[in-house]
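Student: Following this line is start-v3.pdb, made up of PDB, C-alpha atoms, pLDDT in the B column:
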```pdb
ATOM      1  CA  MET A  19       0.000   0.000   0.000  1.00 54.00           C
ATOM      2  CA  ILE A  20       1.382   3.395  -1.010  1.00 62.00           C
ATOM      3  CA  GLN A  21       1.327   5.895   1.823  1.00 85.00           C
ATOM      4  CA  TRP A  22       0.203   9.482   1.293  1.00 89.00           C
ATOM      5  CA  TRP A  23       3.713  10.897   1.801  1.00 90.00           C
ATOM      6  CA  LYS A  24       5.039   8.889  -1.133  1.00 90.00           C
ATOM      7  CA  ILE A  25       2.353  10.255  -3.421  1.00 92.00           C
ATOM      8  CA  ALA A  26       3.054  13.744  -2.080  1.00 94.00           C
ATOM      9  CA  GLY A  27       6.758  13.312  -2.797  1.00 93.00           C
ATOM     10  CA  VAL A  28       6.146  12.319  -6.410  1.00 94.00           C
ATOM     11  CA  LEU A  29       3.701  15.174  -7.002  1.00 95.00           C
ATOM     12  CA  LEU A  30       5.994  17.765  -5.431  1.00 95.00           C
ATOM     13  CA  VAL A  31       9.009  16.613  -7.446  1.00 94.00           C
ATOM     14  CA  PHE A  32       7.043  16.680 -10.708  1.00 94.00           C
ATOM     15  CA  TYR A  33       5.772  20.140  -9.817  1.00 93.00           C
ATOM     16  CA  ALA A  34       9.297  21.357  -9.038  1.00 91.00           C
ATOM     17  CA  LEU A  35      10.742  19.897 -12.235  1.00 91.00           C
ATOM     18  CA  ILE A  36       8.091  21.447 -14.474  1.00 91.00           C
ATOM     19  CA  ALA A  37       7.577  24.760 -12.660  1.00 87.00           C
ATOM     20  CA  GLY A  38      11.318  25.140 -12.209  1.00 85.00           C
ATOM     21  CA  LEU A  39      11.773  25.208 -15.960  1.00 85.00           C
ATOM     22  CA  LEU A  40       8.675  27.160 -16.982  1.00 85.00           C
ATOM     23  CA  LEU A  41       7.953  29.771 -14.317  1.00 81.00           C
ATOM     24  CA  PRO A  42       9.749  33.146 -14.549  1.00 78.00           C
ATOM     25  CA  VAL A  43      12.695  33.857 -12.240  1.00 76.00           C
ATOM     26  CA  PRO A  44      14.381  37.082 -11.082  1.00 74.00           C
ATOM     27  CA  GLN A  45      17.093  38.257 -13.460  1.00 72.00           C
ATOM     28  CA  LEU A  46      20.131  38.572 -11.201  1.00 69.00           C
ATOM     29  CA  ALA A  47      23.597  39.604 -12.332  1.00 65.00           C
ATOM     30  CA  ILE A  48      25.908  36.693 -13.248  1.00 66.00           C
ATOM     31  CA  LEU A  49      23.349  34.064 -12.170  1.00 68.00           C
ATOM     32  CA  GLU A  50      20.691  34.963 -14.759  1.00 72.00           C
ATOM     33  CA  GLN A  51      18.782  31.821 -15.854  1.00 77.00           C
ATOM     34  CA  SER A  52      21.201  29.517 -14.043  1.00 73.00           C
ATOM     35  CA  ILE A  53      19.439  30.454 -10.810  1.00 81.00           C
ATOM     36  CA  ARG A  54      16.901  27.776 -11.769  1.00 84.00           C
ATOM     37  CA  ASN A  55      19.474  25.269 -10.538  1.00 82.00           C
ATOM     38  CA  LEU A  56      18.513  26.435  -7.048  1.00 86.00           C
ATOM     39  CA  TYR A  57      15.482  24.141  -7.435  1.00 88.00           C
ATOM     40  CA  TYR A  58      17.616  21.076  -8.160  1.00 90.00           C
ATOM     41  CA  HIS A  59      21.042  21.553  -6.567  1.00 89.00           C
ATOM     42  CA  VAL A  60      20.129  22.779  -3.082  1.00 90.00           C
ATOM     43  CA  PRO A  61      17.274  20.272  -2.448  1.00 93.00           C
ATOM     44  CA  MET A  62      19.777  17.454  -2.985  1.00 94.00           C
ATOM     45  CA  TRP A  63      21.799  18.696  -0.011  1.00 93.00           C
ATOM     46  CA  PHE A  64      18.734  19.200   2.174  1.00 94.00           C
ATOM     47  CA  GLY A  65      17.563  15.685   1.350  1.00 95.00           C
ATOM     48  CA  MET A  66      21.036  14.278   1.971  1.00 96.00           C
ATOM     49  CA  LEU A  67      21.283  15.920   5.394  1.00 95.00           C
ATOM     50  CA  ALA A  68      17.836  14.654   6.409  1.00 96.00           C
ATOM     51  CA  LEU A  69      18.795  11.114   5.391  1.00 97.00           C
ATOM     52  CA  LEU A  70      22.156  11.296   7.162  1.00 96.00           C
ATOM     53  CA  PHE A  71      20.417  12.502  10.317  1.00 97.00           C
ATOM     54  CA  ALA A  72      17.990   9.564  10.104  1.00 97.00           C
ATOM     55  CA  SER A  73      20.965   7.238   9.587  1.00 96.00           C
ATOM     56  CA  THR A  74      22.651   8.588  12.713  1.00 96.00           C
ATOM     57  CA  VAL A  75      19.458   8.291  14.783  1.00 96.00           C
ATOM     58  CA  ASN A  76      19.131   4.632  13.806  1.00 96.00           C
ATOM     59  CA  ALA A  77      22.815   4.041  14.559  1.00 96.00           C
ATOM     60  CA  ILE A  78      22.179   5.352  18.083  1.00 96.00           C
ATOM     61  CA  ARG A  79      19.101   3.140  18.361  1.00 95.00           C
ATOM     62  CA  PHE A  80      21.181   0.109  17.422  1.00 94.00           C
ATOM     63  CA  LEU A  81      23.799   0.937  20.039  1.00 93.00           C
ATOM     64  CA  ASN A  82      21.040   1.278  22.650  1.00 94.00           C
ATOM     65  CA  LYS A  83      18.937  -1.761  21.780  1.00 89.00           C
ATOM     66  CA  GLY A  84      21.098  -3.924  19.514  1.00 85.00           C
ATOM     67  CA  SER A  85      18.322  -4.366  16.931  1.00 86.00           C
ATOM     68  CA  LEU A  86      19.631  -5.294  13.487  1.00 90.00           C
ATOM     69  CA  VAL A  87      16.581  -3.599  11.975  1.00 92.00           C
ATOM     70  CA  SER A  88      18.009  -0.287  13.137  1.00 93.00           C
ATOM     71  CA  ASP A  89      21.346  -1.187  11.538  1.00 93.00           C
ATOM     72  CA  ILE A  90      19.592  -1.968   8.243  1.00 94.00           C
ATOM     73  CA  ARG A  91      17.809   1.374   8.355  1.00 95.00           C
ATOM     74  CA  SER A  92      20.978   3.245   9.242  1.00 95.00           C
ATOM     75  CA  GLU A  93      22.846   1.754   6.295  1.00 95.00           C
ATOM     76  CA  ALA A  94      19.980   2.347   3.850  1.00 96.00           C
ATOM     77  CA  TYR A  95      19.598   6.003   4.796  1.00 97.00           C
ATOM     78  CA  ALA A  96      23.353   6.579   4.480  1.00 96.00           C
ATOM     79  CA  ASN A  97      23.504   4.911   1.059  1.00 95.00           C
ATOM     80  CA  ILE A  98      20.634   6.931  -0.407  1.00 96.00           C
ATOM     81  CA  ALA A  99      22.103  10.073   1.158  1.00 96.00           C
ATOM     82  CA  MET A 100      25.311   9.487  -0.787  1.00 95.00           C
ATOM     83  CA  VAL A 101      23.310   9.144  -4.002  1.00 95.00           C
ATOM     84  CA  TYR A 102      21.835  12.545  -3.233  1.00 96.00           C
ATOM     85  CA  GLY A 103      25.308  13.844  -2.427  1.00 93.00           C
ATOM     86  CA  VAL A 104      26.596  12.770  -5.831  1.00 93.00           C
ATOM     87  CA  MET A 105      23.645  14.451  -7.564  1.00 93.00           C
ATOM     88  CA  GLY A 106      24.282  17.553  -5.464  1.00 91.00           C
ATOM     89  CA  LEU A 107      27.916  17.650  -6.532  1.00 90.00           C
ATOM     90  CA  LEU A 108      27.077  17.128 -10.218  1.00 91.00           C
ATOM     91  CA  THR A 109      24.383  19.824 -10.300  1.00 88.00           C
ATOM     92  CA  GLY A 110      26.732  22.103  -8.372  1.00 86.00           C
ATOM     93  CA  MET A 111      29.536  21.543 -10.878  1.00 86.00           C
ATOM     94  CA  ILE A 112      27.203  22.461 -13.742  1.00 85.00           C
ATOM     95  CA  TRP A 113      26.171  25.607 -11.887  1.00 85.00           C
ATOM     96  CA  ALA A 114      29.792  26.467 -11.089  1.00 82.00           C
ATOM     97  CA  LYS A 115      30.783  26.159 -14.741  1.00 82.00           C
ATOM     98  CA  ASN A 116      28.112  28.684 -15.749  1.00 80.00           C
ATOM     99  CA  THR A 117      28.737  31.208 -12.954  1.00 79.00           C
ATOM    100  CA  TRP A 118      32.373  30.747 -11.873  1.00 79.00           C
ATOM    101  CA  GLY A 119      33.810  29.541 -15.191  1.00 81.00           C
ATOM    102  CA  ALA A 120      35.038  26.145 -13.945  1.00 82.00           C
ATOM    103  CA  TYR A 121      33.453  22.865 -12.883  1.00 84.00           C
ATOM    104  CA  TRP A 122      35.525  22.817  -9.703  1.00 82.00           C
ATOM    105  CA  THR A 123      37.282  25.617  -7.859  1.00 79.00           C
ATOM    106  CA  ASN A 124      39.408  25.731  -4.731  1.00 80.00           C
ATOM    107  CA  ASP A 125      36.352  26.693  -2.697  1.00 78.00           C
ATOM    108  CA  PRO A 126      36.221  25.594   0.965  1.00 80.00           C
ATOM    109  CA  LYS A 127      32.606  24.454   0.754  1.00 81.00           C
ATOM    110  CA  LEU A 128      33.264  22.336  -2.330  1.00 83.00           C
ATOM    111  CA  ASN A 129      36.313  20.766  -0.745  1.00 85.00           C
ATOM    112  CA  SER A 130      34.517  20.225   2.557  1.00 87.00           C
ATOM    113  CA  ALA A 131      31.604  18.525   0.793  1.00 87.00           C
ATOM    114  CA  ALA A 132      34.021  16.219  -1.032  1.00 88.00           C
ATOM    115  CA  ILE A 133      35.814  15.348   2.213  1.00 91.00           C
ATOM    116  CA  GLY A 134      32.502  14.672   3.953  1.00 90.00           C
ATOM    117  CA  MET A 135      31.381  12.326   1.198  1.00 92.00           C
ATOM    118  CA  LEU A 136      34.710  10.499   1.344  1.00 93.00           C
ATOM    119  CA  MET A 137      34.087   9.989   5.064  1.00 94.00           C
ATOM    120  CA  TYR A 138      30.819   8.217   4.278  1.00 94.00           C
ATOM    121  CA  LEU A 139      32.492   6.273   1.486  1.00 93.00           C
ATOM    122  CA  ALA A 140      34.870   5.029   4.178  1.00 93.00           C
ATOM    123  CA  TYR A 141      31.767   4.064   6.196  1.00 93.00           C
ATOM    124  CA  MET A 142      30.613   1.840   3.334  1.00 93.00           C
ATOM    125  CA  VAL A 143      34.073   0.343   2.891  1.00 93.00           C
ATOM    126  CA  LEU A 144      34.211  -0.318   6.644  1.00 91.00           C
ATOM    127  CA  ARG A 145      30.929  -2.202   6.525  1.00 91.00           C
ATOM    128  CA  SER A 146      31.997  -4.320   3.570  1.00 89.00           C
ATOM    129  CA  SER A 147      35.294  -5.253   5.246  1.00 89.00           C
ATOM    130  CA  MET A 148      33.668  -7.236   8.087  1.00 87.00           C
ATOM    131  CA  ASP A 149      31.778 -10.517   7.761  1.00 85.00           C
ATOM    132  CA  ASP A 150      30.473 -10.780  11.311  1.00 86.00           C
ATOM    133  CA  GLU A 151      27.072  -9.088  11.260  1.00 86.00           C
ATOM    134  CA  GLU A 152      26.994  -7.967  14.892  1.00 88.00           C
ATOM    135  CA  LYS A 153      30.539  -6.616  14.808  1.00 90.00           C
ATOM    136  CA  ARG A 154      29.906  -4.826  11.505  1.00 90.00           C
ATOM    137  CA  ALA A 155      26.758  -3.213  12.832  1.00 91.00           C
ATOM    138  CA  ARG A 156      28.353  -2.061  16.087  1.00 93.00           C
ATOM    139  CA  VAL A 157      31.588  -0.686  14.601  1.00 94.00           C
ATOM    140  CA  SER A 158      29.818   1.099  11.754  1.00 93.00           C
ATOM    141  CA  ALA A 159      27.228   2.547  14.155  1.00 94.00           C
ATOM    142  CA  VAL A 160      29.964   4.082  16.312  1.00 95.00           C
ATOM    143  CA  TYR A 161      31.670   5.449  13.199  1.00 95.00           C
ATOM    144  CA  ASN A 162      28.357   6.884  11.977  1.00 94.00           C
ATOM    145  CA  VAL A 163      27.635   8.655  15.260  1.00 95.00           C
ATOM    146  CA  PHE A 164      30.983  10.476  15.100  1.00 93.00           C
ATOM    147  CA  CYS A 165      30.848  11.039  11.339  1.00 94.00           C
ATOM    148  CA  PHE A 166      27.627  13.050  11.169  1.00 94.00           C
ATOM    149  CA  PRO A 167      28.599  15.963  13.465  1.00 93.00           C
ATOM    150  CA  ILE A 168      31.962  16.206  11.712  1.00 93.00           C
ATOM    151  CA  PHE A 169      30.152  16.330   8.380  1.00 92.00           C
ATOM    152  CA  VAL A 170      27.893  19.148   9.645  1.00 91.00           C
ATOM    153  CA  VAL A 171      30.942  21.123  10.780  1.00 90.00           C
ATOM    154  CA  LEU A 172      32.602  20.631   7.386  1.00 87.00           C
ATOM    155  CA  ILE A 173      29.535  21.807   5.478  1.00 86.00           C
ATOM    156  CA  PHE A 174      28.187  24.621   7.649  1.00 82.00           C
ATOM    157  CA  VAL A 175      30.925  25.862   9.965  1.00 82.00           C
ATOM    158  CA  LEU A 176      34.324  25.757   8.247  1.00 77.00           C
ATOM    159  CA  PRO A 177      33.200  27.490   4.989  1.00 74.00           C
ATOM    160  CA  ARG A 178      31.974  30.456   7.075  1.00 73.00           C
ATOM    161  CA  LEU A 179      35.408  30.946   8.624  1.00 71.00           C
ATOM    162  CA  THR A 180      37.215  31.681   5.359  1.00 69.00           C
ATOM    163  CA  ASP A 181      36.600  33.148   1.902  1.00 64.00           C
ATOM    164  CA  SER A 182      34.045  31.246  -0.136  1.00 61.00           C
ATOM    165  CA  LEU A 183      32.249  31.755  -3.427  1.00 59.00           C
ATOM    166  CA  HIS A 184      29.118  30.089  -2.075  1.00 64.00           C
ATOM    167  CA  PRO A 185      26.265  32.397  -1.024  1.00 60.00           C
ATOM    168  CA  GLY A 186      26.056  32.798   2.732  1.00 52.00           C
ATOM    169  CA  ASN A 187      29.628  31.675   3.404  1.00 50.00           C
ATOM    170  CA  GLY A 188      32.885  33.487   4.084  1.00 47.00           C
ATOM    171  CA  GLY A 189      31.277  36.923   4.124  1.00 47.00           C
ATOM    172  CA  ASN A 190      29.512  36.263   0.819  1.00 46.00           C
ATOM    173  CA  PRO A 191      25.845  37.312   1.146  1.00 45.00           C
ATOM    174  CA  GLY A 192      23.198  34.584   1.100  1.00 51.00           C
ATOM    175  CA  PHE A 193      20.340  34.424  -1.363  1.00 51.00           C
ATOM    176  CA  ASN A 194      18.023  36.213   1.072  1.00 53.00           C
ATOM    177  CA  ALA A 195      20.138  39.327   0.644  1.00 46.00           C
ATOM    178  CA  TYR A 196      19.191  39.474  -3.034  1.00 47.00           C
ATOM    179  CA  ASP A 197      15.898  40.550  -4.537  1.00 45.00           C
ATOM    180  CA  LEU A 198      14.275  37.131  -4.394  1.00 52.00           C
ATOM    181  CA  ASP A 199      10.522  37.118  -4.616  1.00 59.00           C
ATOM    182  CA  SER A 200       7.871  34.480  -4.011  1.00 69.00           C
ATOM    183  CA  ARG A 201       8.405  33.030  -7.489  1.00 74.00           C
ATOM    184  CA  LEU A 202      11.532  31.272  -6.271  1.00 82.00           C
ATOM    185  CA  ARG A 203      10.153  30.219  -2.911  1.00 85.00           C
ATOM    186  CA  MET A 204       6.974  28.718  -4.367  1.00 88.00           C
ATOM    187  CA  VAL A 205       9.126  26.210  -6.268  1.00 89.00           C
ATOM    188  CA  PHE A 206      12.144  25.873  -3.973  1.00 91.00           C
ATOM    189  CA  TYR A 207      10.333  24.772  -0.795  1.00 92.00           C
ATOM    190  CA  PRO A 208       8.162  22.145  -2.548  1.00 94.00           C
ATOM    191  CA  ALA A 209      11.325  20.862  -4.256  1.00 94.00           C
ATOM    192  CA  VAL A 210      13.090  20.433  -0.910  1.00 95.00           C
ATOM    193  CA  ILE A 211      10.139  18.591   0.619  1.00 95.00           C
ATOM    194  CA  GLY A 212       9.510  16.478  -2.480  1.00 95.00           C
ATOM    195  CA  TRP A 213      13.094  15.317  -2.984  1.00 96.00           C
ATOM    196  CA  THR A 214      13.441  14.574   0.733  1.00 96.00           C
ATOM    197  CA  LEU A 215      10.313  12.406   0.676  1.00 96.00           C
ATOM    198  CA  ILE A 216      11.525  10.595  -2.442  1.00 96.00           C
ATOM    199  CA  GLY A 217      14.834   9.919  -0.687  1.00 96.00           C
ATOM    200  CA  PHE A 218      13.074   8.304   2.261  1.00 96.00           C
ATOM    201  CA  TRP A 219      10.933   6.279  -0.141  1.00 95.00           C
ATOM    202  CA  LEU A 220      14.044   4.952  -1.892  1.00 95.00           C
ATOM    203  CA  ALA A 221      15.567   4.128   1.483  1.00 96.00           C
ATOM    204  CA  ASP A 222      12.354   2.362   2.501  1.00 94.00           C
ATOM    205  CA  LEU A 223      12.579   0.157  -0.588  1.00 93.00           C
ATOM    206  CA  ARG A 224      16.182  -0.694   0.222  1.00 93.00           C
ATOM    207  CA  ILE A 225      15.242  -1.490   3.826  1.00 93.00           C
ATOM    208  CA  ARG A 226      12.548  -3.908   2.659  1.00 91.00           C
ATOM    209  CA  ILE A 227      14.997  -5.672   0.366  1.00 91.00           C
ATOM    210  CA  GLN A 228      17.586  -5.961   3.117  1.00 88.00           C
ATOM    211  CA  LYS A 229      15.013  -7.403   5.527  1.00 85.00           C
ATOM    212  CA  ILE A 230      14.289 -10.124   2.998  1.00 86.00           C
ATOM    213  CA  GLU A 231      17.929 -10.886   2.234  1.00 81.00           C
ATOM    214  CA  ARG A 232      19.288 -10.777   5.802  1.00 74.00           C
ATOM    215  CA  PRO A 233      18.054 -13.057   8.579  1.00 68.00           C
ATOM    216  CA  LEU A 234      17.223 -10.940  11.613  1.00 61.00           C
ATOM    217  CA  SER A 235      17.604 -11.968  15.212  1.00 52.00           C
TER     218      SER A 235
END
```
Before we go any further, please render this structure as structure tokens.
Tutor:
Amino acid sequence: MIQWWKIAGVLLVFYALIAGLLLPVPQLAILEQSIRNLYYHVPMWFGMLALLFASTVNAIRFLNKGSLVSDIRSEAYANIAMVYGVMGLLTGMIWAKNTWGAYWTNDPKLNSAAIGMLMYLAYMVLRSSMDDEEKRARVSAVYNVFCFPIFVVLIFVLPRLTDSLHPGNGGNPGFNAYDLDSRLRMVFYPAVIGWTLIGFWLADLRIRIQKIERPLS
């Protein structure tokens, strides 16, 4: 049975994809029409952070109760979050090429995002390196609990302490400082909610598969 939030996620994403391309946007210097990427690039990071938070919560639950179901959920949320992270990087590179002139620059937020994703890649490698299910779940849960706050610091704190091309970082004004009207917000917020819901739906599918493939105690 399909829950209402899954239907809502699909509808919101379709709305964001179509409205993001067709509705008018403010004509800002340098950004111009590329500002439409706000509807696709930024929601990937919001969705990724929500999934990583859910992964960390389930890692804590496993450490408290020892339920392998929590470990399955923690892994699934982290995996889908990394898919979102890759899409966020790719859409960001396209945006950077059009506004900064290069797909990748020596920007602290870009580098911090790459480092953070490598940390979660190490999480996946760590899980695959152990055959004992209980040991794998416990070690990866501890790693996950420490990894998430470090990731948040890398993404939100360090870029604000130095020069950055990203809006809202390193003294660079955020988007709210520009003349943004409701035309952007009426697409951006639904896009964030929609992509986040789709991410949890994908994770839910992966959780169901893992429950079938792995015997639970």
Student: Which residues would end up in the selection if the PyMOL selection byres ((chain A and resi 79) around 12) were applied here, given that I need the answer as a PyMOL selection string?
Tutor: chain A and resi 72-78+80-92+155-156+159-160+162-163
Student: Compile the contact shell of A:Val205 as a PyMOL selection string: residues with an atom at most 8 Å away, counting all atoms listed in the file, same-chain residues fewer than 2 positions apart removed.
Tutor: chain A and resi 33-34+37-38+57+201-203+207-209
Student: Select, from A:Leu128, A:Val170, A:Leu41, A:Val104, the residue with the minimum atom-to-atom distance to A:Met204, counting all atoms listed in the file.
Tutor: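 Using all atoms listed in the file, the shortest distance to A:Met204 belongs to A:Leu41.
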Student: Enter the distance from atom CA of A:Gly65 to atom CA of A:Met142, in Å, rounded to one decimal.
Tutor: 19.1 Å
Student: State, in Å with one decimal place, the distance from atom CA of A:Val31 to atom CA of A:Thr109.
Tutor: 16.0 Å
Student: Between A:Gln51, A:Ser147, A:Asn97, A:Gln45, which has the minimum distance to A:Leu220 (counting only C-alpha atoms)?
Tutor: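 Of the candidates, the smallest distance to A:Leu220 is held by A:Asn97.
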Student: Taking all atoms listed in the file into account, which of A:Ile53, A:Tyr121, A:Gly217, A:Gly27 comes nearest A:Met100?
Tutor: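 Among A:Ile53, A:Tyr121, A:Gly217, A:Gly27, it is A:Gly217 that comes nearest to A:Met100.
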Student: Here's a test: counting all atoms listed in the file, identify every protein, DNA and RNA residue with an atom at most 12 Å from (32.5, 22.8, 7.6) in the file's coordinate frame, and state them as a ChimeraX atom specification.
Tutor: /A:125-134,166-180,182,187-188
Student: Can those selected residues be exported to a file as an mmCIF file, keeping the file's coordinate frame so that it contains C-alpha atoms?
Tutor:
```cif
data_model
loop_
_atom_site.group_PDB
_atom_site.id
_atom_site.type_symbol
_atom_site.label_atom_id
_atom_site.label_comp_id
_atom_site.auth_asym_id
_atom_site.auth_seq_id
_atom_site.Cartn_x
_atom_site.Cartn_y
_atom_site.Cartn_z
ATOM 1 C CA ASP A 125 36.352 26.693 -2.697
ATOM 2 C CA PRO A 126 36.221 25.594 0.965
ATOM 3 C CA LYS A 127 32.606 24.454 0.754
ATOM 4 C CA LEU A 128 33.264 22.336 -2.330
ATOM 5 C CA ASN A 129 36.313 20.766 -0.745
ATOM 6 C CA SER A 130 34.517 20.225 2.557
ATOM 7 C CA ALA A 131 31.604 18.525 0.793
ATOM 8 C CA ALA A 132 34.021 16.219 -1.032
ATOM 9 C CA ILE A 133 35.814 15.348 2.213
ATOM 10 C CA GLY A 134 32.502 14.672 3.953
ATOM 11 C CA PHE A 166 27.627 13.050 11.169
ATOM 12 C CA PRO A 167 28.599 15.963 13.465
ATOM 13 C CA ILE A 168 31.962 16.206 11.712
ATOM 14 C CA PHE A 169 30.152 16.330 8.380
ATOM 15 C CA VAL A 170 27.893 19.148 9.645
ATOM 16 C CA VAL A 171 30.942 21.123 10.780
ATOM 17 C CA LEU A 172 32.602 20.631 7.386
ATOM 18 C CA ILE A 173 29.535 21.807 5.478
ATOM 19 C CA PHE A 174 28.187 24.621 7.649
ATOM 20 C CA VAL A 175 30.925 25.862 9.965
ATOM 21 C CA LEU A 176 34.324 25.757 8.247
ATOM 22 C CA PRO A 177 33.200 27.490 4.989
ATOM 23 C CA ARG A 178 31.974 30.456 7.075
ATOM 24 C CA LEU A 179 35.408 30.946 8.624
ATOM 25 C CA THR A 180 37.215 31.681 5.359
ATOM 26 C CA SER A 182 34.045 31.246 -0.136
ATOM 27 C CA ASN A 187 29.628 31.675 3.404
ATOM 28 C CA GLY A 188 32.885 33.487 4.084
#
```
Student: Quick one: pull the distance between atom CA of A:Glu93 and atom CA of A:Arg154, Å, one decimal.
Tutor: 11.0 Å
Student: Within 9 Å of A:Met66, counting all atoms listed in the file, which residues qualify if same-chain residues fewer than 4 places away don't, as a PDB file with C-alpha atoms, in the coordinates of the input?
Tutor:
```pdb
ATOM      1  CA  PRO A  61      17.274  20.272  -2.448  1.00 93.00           C
ATOM      2  CA  MET A  62      19.777  17.454  -2.985  1.00 94.00           C
ATOM      3  CA  LEU A  70      22.156  11.296   7.162  1.00 96.00           C
ATOM      4  CA  PHE A  71      20.417  12.502  10.317  1.00 97.00           C
ATOM      5  CA  TYR A  95      19.598   6.003   4.796  1.00 97.00           C
ATOM      6  CA  ALA A  96      23.353   6.579   4.480  1.00 96.00           C
ATOM      7  CA  ILE A  98      20.634   6.931  -0.407  1.00 96.00           C
ATOM      8  CA  ALA A  99      22.103  10.073   1.158  1.00 96.00           C
ATOM      9  CA  MET A 100      25.311   9.487  -0.787  1.00 95.00           C
ATOM     10  CA  VAL A 101      23.310   9.144  -4.002  1.00 95.00           C
ATOM     11  CA  TYR A 102      21.835  12.545  -3.233  1.00 96.00           C
ATOM     12  CA  GLY A 103      25.308  13.844  -2.427  1.00 93.00           C
ATOM     13  CA  GLY A 106      24.282  17.553  -5.464  1.00 91.00           C
ATOM     14  CA  THR A 214      13.441  14.574   0.733  1.00 96.00           C
ATOM     15  CA  GLY A 217      14.834   9.919  -0.687  1.00 96.00           C
TER      16      GLY A 217
END
```
Student: Applying the PyMOL selection byres ((chain A and resi 110-115) around 10) to the file I just gave you, which residues come out? Please list them as a PyMOL selection string.
Tutor: chain A and resi 49+52-56+58-60+62+104-109+116-123+128+183-184
Student: Kindly indicate which residue among A:Ala94, A:Cys165, A:Ala140, A:Met148 lies nearest to A:Leu223, using only C-alpha atoms for the distances.
Tutor: A:Ala94
Student: Restricting the calculation to all atoms listed in the file, which member of A:Ala68, A:Val157, A:Leu29, A:Ile230 is positioned closest to A:Arg145?
Tutor: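 Looking only at the distances to A:Arg145, the closest residue turns out to be A:Val157.
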Student: So for stretch 203-210 of chain A, what box centre and size do we get, axis-aligned, 5 Å extra on each of the six sides, every listed atom, Å to one decimal, as AutoDock Vina command-line options?
Tutor:
```
--center_x 10.0 --center_y 25.3 --center_z -3.5 --size_x 16.1 --size_y 19.8 --size_z 15.5
```
